[in-house]
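What follows is one structure encoded as C-alpha cells, with my remarks underneath.
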Amino acid sequence: MCKTQVILFHSFAIAMASTLIRNIKLLLGTRQADERLVKGESMKALPCIENAFLLCENGAIVAFGKNEDAPERADETIDASGRLVLPAWCDSHTHIVYAGSRESEFADRINGLTYEQIAAKGGGILNSAKLLNKTSEEELFESAWQRLLEMQAMGTGAVEIKSGYGLSYEGELKMLRVIKKLKEKSAVCIKSTFLGAHALPHEYKENRRGYIELLINRLLPQIAGEGLADFIDVFCEKNYFSVEETEELLETGARYGLQAKVHVNQFNIIGGVEACIKHNALSVDHLELLDDNDVSALKNSSTMPVALPGCSLFLGIPYTPARKLIDEGLPLALATDYNPGSCPSGNMNLVVSLACINMRMTPEEAINAATFNGAYAMNLSGTHGSITVGKKASLIITKPVSSVAFLPYSFGSNLIERVLIGC
C-alpha cells in the first residue's frame with residue numbers, strides 16, 4: 001500500500017528555506033487575511049486558482065498565484081501536475097487521549113442496546129475513565145501520539161484535544177499534561193480543552209454537588225495555574241449535566257480565561273444552545289437535534305455550530321441538519337469526534353464524504369467546513385484553514401484527481417499524496 005508522505009517545515013531550519021509547489025491543477029481555499037469564517041450561501045463558494053503555484057518559506061505561505069508568475073527557483077520544488085492543493089484539515093473536536101478501547105460496547109449496540117443503556121450499566125464514558133485512571137501518563141502519551149501521527153498522515157494540520165476520561169482530580173490533570181506534551185512534540189497545531197464535566201463519576205453518584213465543586217474549586221485553579229487548557233467544555237445533556245450546571249461551569253471557566261466549546265443537543269434539546277451563546281461559546285458541537293429557537297439564537301451570535309457526522313454514522317443517530325443551518329444563513333464546521341466509544345476514527349476525509357452523502361452538503365461546503373470554519377472553531381483563523389499569505393503552510397497535496405467533487409465521491413480511497421505541516 002502506498003503511504004502518504006508527510007513533510008514537516010521547522011522554523012529552526014536553514015534560514016529562508018523555501019518550497020515551491022508548481023503546476024497545481026487547482027489551488028483551493030485562497031482567501032484574504034481579514035476573512036475569519038464563511039456562512040450561508042457563501043459556503044458553496046470555494047475560492048480557487050487554476051494552474052497555480054504556491055511558495056512557502058520557513059513553514060509559512062509567502063506567495064501564490066498563476067503558474068506563469070511563479071518564481072524561477074526554490075530550495076525544493078514539487079511538481080503538482082494534475083493534483084489539487086488545499087489547506088490541511090482543521091479538526092476542532094476530538095478525544096484522542098484515552099486508554100484501551102470499547103469494541104465490546106460496539107457489539108452491545110449491534111445487539112440492540114442504545115448509547116444511554118450502555119452508559120446506565122457502567123459502560124460508556126465511565127468505562128473509559130476506569131481504564132484511564134489505571135494507565136500511566138507515559139502509556140497515554142504514546143497511544144495518543146500514534147493516533148496523532150495517523151491523523152496527520154490523513155491530512156489533519158490542526159486539532160483540538162479534550163480531557164474528560166479522568167473524571168478525578170489526578171486523572172484530569174494527567175490527561176491535560178499529556179495533551180501539553182503532545183503540543184510540545186507535534187508539528188500539528190494542538191488546542192487543549194478541559195472537559196471534566198463529561199460524566200458524573202461513580203464515587204460522586206450520591207454527591208453531585210461535590211463533583212461540581214471539585215471542578216470549580218480545585219481543578220480549574222490548578223489548570224489555569226499550569227496553563228493546561230485553552231477552552232472549557234461540558235456535556236450538556238439529560239443524565240449528564242444540566243443547563244444550570246453548564247452555565248455555572250462556563251462562568252467559572254471564563255474567569256480563568258477559558259472560552260467555551262460545548263457538547264450540546266446530541267440526544268435531547270434542553271436549552272443548552274441558548275445558554276452557551278449567552279456565555280460567548282466559541283462553538284456548540286454535535287447538534288444532531290435542533291429546533292427553531294436554537295437556529296434563531298445562533299443567527300444572533302458569533303458561535304460556530306460544529307457537526308460530527310462520524311459519531312452519527314457509528315451510533316446510528318440523526319445527522320446534524322446541515323442544510324437547515326446553511327440555508328438559514330449560518331456557518332458550519334465539521335470535525336471527527338475521534339474517541340473510543342462513539343467515533344473511533346480521526347479520518348477527516350471520511351467526515352467530508354459523510355457530510356456530502358448524509359448531510360446533503362456540497363463538496364465545496366464540506367471542504368470549507370473542514371478547513372476554514374474548523375480553524376475558526378479553534379481560534380486559529382489567523383494561522384490555519386485557508387491559503388493565505390502569512391498563514392502556516394499546512395497543506396494537502398492530492399494524488400492526480402479529476403475534480404474537487406472526486407475527493408468526497410471516492411470515500412474509500414486514500415487520495416492524499418503528501419501532507420505538508422508548517423510549524
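Here's how to read the names in the C-alpha cells: chain A, B, ... by the order shown, residue numbers from 1 in each chain, ligand numbers from 1 in the order shown.
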
message: What parts of segment 68-127 of chain A does DSSP call alpha helix (DSSP H)? I'd like the answer as a list in words.
response: Glu103, Ser104, Glu105, Phe106, Ala107, Asp108, Arg109, Ile110, Tyr115, Glu116, Gln117, Ile118, Ala119, Ala120, Ile125, Leu126 and Asn127 of chain A

Distance query segment 82-85 of chain A at most 10 Å, only C-alpha atoms, self and fewer than 6 positions along chain excluded, as JSON, numbers by chain: {"A": [21, 23, 24, 25, 26, 27, 28, 29, 48, 50, 51, 52, 53, 54, 387, 395, 396, 397, 398, 399, 400, 401, 402, 403, 404, 407, 415, 416, 417, 418, 419]}

message: I want to know what sits within 8 Å of Ser342 of chain A, based on only C-alpha atoms, with residues of the same chain fewer than 3 positions away left out; could you give that as a list of chain:residue names?
response: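 My list of contacting residues is A:Cys311, A:Phe314, A:Leu315, A:Asp337, A:Tyr338, A:Asn339.
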
- request: Just give me the gap between atom CA of Ser301 of chain A and atom CA of Leu46 of chain A in Å, one decimal is fine.
  value: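 It comes out at 23.7 Å.
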
query: Got a sec: who's within 9 Å of Lys238 of chain A, counting only C-alpha atoms, leaving out chain neighbours fewer than 5 positions off, as a list in words?
result: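 Result of the neighbour search: Phe267, Asn268, Ile269 and Ile270 of chain A.
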
Those selected residues, please, written with C-alpha atoms and delivered as a PDB file, in the first residue's frame.
ATOM      1  CA  PHE A 267     -29.730  13.274  22.198  1.00  0.00           C
ATOM      2  CA  ASN A 268     -32.124  15.901  23.578  1.00  0.00           C
ATOM      3  CA  ILE A 269     -32.946  19.599  23.297  1.00  0.00           C
ATOM      4  CA  ILE A 270     -32.814  21.080  26.807  1.00  0.00           C
TER       5      ILE A 270
END

- prompt: Nearest to Ile232 of chain A among A:Thr320, A:Gln146, A:Asn280, A:Thr383, with distances taken over only C-alpha atoms: which residue is it?
  reply: A:Asn280

message: Need the shell around Thr156 of chain A: protein/DNA/RNA residues with any atom at most 12 Å away, counting only C-alpha atoms. Skip same-chain ones fewer than 5 positions apart. Format as number ranges by chain?
response: A: 6, 86-92, 94, 147-151, 186-190, 335-336, 346-349, 351, 370-371, 374-375, 384-385, 394-396, 416, 418-422

task: Check segment 263-336 of chain A with DSSP on the backbone and list each residue it calls strand (DSSP E), as JSON, numbers by chain.
output: {"A": [263, 264, 283, 284, 285, 286, 304, 305, 306, 307, 333, 334]}

Kindly export the residues of the current selection with N, CA and C atoms, as a PDB file, in the first residue's frame.
ATOM      1  N   HIS A 263     -20.418  20.405  24.237  1.00  0.00           N
ATOM      2  CA  HIS A 263     -21.252  19.305  23.741  1.00  0.00           C
ATOM      3  C   HIS A 263     -22.711  19.651  24.038  1.00  0.00           C
ATOM      4  N   VAL A 264     -23.548  19.684  23.028  1.00  0.00           N
ATOM      5  CA  VAL A 264     -24.944  20.052  23.281  1.00  0.00           C
ATOM      6  C   VAL A 264     -25.844  19.489  22.177  1.00  0.00           C
ATOM      7  N   SER A 283     -17.870  27.594  20.133  1.00  0.00           N
ATOM      8  CA  SER A 283     -18.589  26.629  19.304  1.00  0.00           C
ATOM      9  C   SER A 283     -19.585  25.839  20.144  1.00  0.00           C
ATOM     10  N   VAL A 284     -20.614  25.329  19.476  1.00  0.00           N
ATOM     11  CA  VAL A 284     -21.531  24.352  20.049  1.00  0.00           C
ATOM     12  C   VAL A 284     -21.473  23.128  19.143  1.00  0.00           C
ATOM     13  N   ASP A 285     -21.190  21.972  19.748  1.00  0.00           N
ATOM     14  CA  ASP A 285     -20.825  20.786  18.987  1.00  0.00           C
ATOM     15  C   ASP A 285     -21.813  19.640  19.180  1.00  0.00           C
ATOM     16  N   HIS A 286     -22.043  18.906  18.141  1.00  0.00           N
ATOM     17  CA  HIS A 286     -22.999  17.802  17.976  1.00  0.00           C
ATOM     18  C   HIS A 286     -24.211  18.322  17.226  1.00  0.00           C
ATOM     19  N   MET A 304     -19.847  29.154  16.523  1.00  0.00           N
ATOM     20  CA  MET A 304     -19.783  28.257  15.373  1.00  0.00           C
ATOM     21  C   MET A 304     -20.484  26.933  15.678  1.00  0.00           C
ATOM     22  N   PRO A 305     -21.496  26.562  14.903  1.00  0.00           N
ATOM     23  CA  PRO A 305     -22.051  25.213  15.020  1.00  0.00           C
ATOM     24  C   PRO A 305     -21.054  24.199  14.441  1.00  0.00           C
ATOM     25  N   VAL A 306     -20.864  23.081  15.140  1.00  0.00           N
ATOM     26  CA  VAL A 306     -19.930  22.046  14.691  1.00  0.00           C
ATOM     27  C   VAL A 306     -20.662  20.717  14.598  1.00  0.00           C
ATOM     28  N   ALA A 307     -20.599  20.087  13.429  1.00  0.00           N
ATOM     29  CA  ALA A 307     -21.229  18.789  13.197  1.00  0.00           C
ATOM     30  C   ALA A 307     -20.188  17.680  13.256  1.00  0.00           C
ATOM     31  N   ALA A 333     -19.046  24.039  10.867  1.00  0.00           N
ATOM     32  CA  ALA A 333     -17.748  23.370  10.824  1.00  0.00           C
ATOM     33  C   ALA A 333     -17.964  21.870  10.946  1.00  0.00           C
ATOM     34  N   LEU A 334     -16.998  21.105  10.463  1.00  0.00           N
ATOM     35  CA  LEU A 334     -17.012  19.648  10.567  1.00  0.00           C
ATOM     36  C   LEU A 334     -15.809  19.182  11.365  1.00  0.00           C
TER      37      LEU A 334
END

query: Which residues come within 10 Å of Ile179 of chain A, counting only C-alpha atoms, excluding same-chain residues fewer than 2 positions away, as a count of residues only?
result: 26

- request: Find, counting only C-alpha atoms, the residue in A:Ala80, A:Leu132, A:Ile223, A:Ala119 that gets nearest to Tyr98 of chain A.
  value: A:Leu132

field: From A:Ala74, A:Ile367, A:Ala129, A:Val243, residue lying nearest Ala45 of chain A [only C-alpha atoms]
entry: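 Using only C-alpha atoms, Ala45 of chain A sits closest to A:Ile367.
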
message: List as a ChimeraX atom specification the protein and nucleic acid residues near Phe411 of chain A, meaning an atom at most 9 Å away when only C-alpha atoms are counted, but skip any in the same chain fewer than 5 places from it.
response: /A:349-350,352-354,406
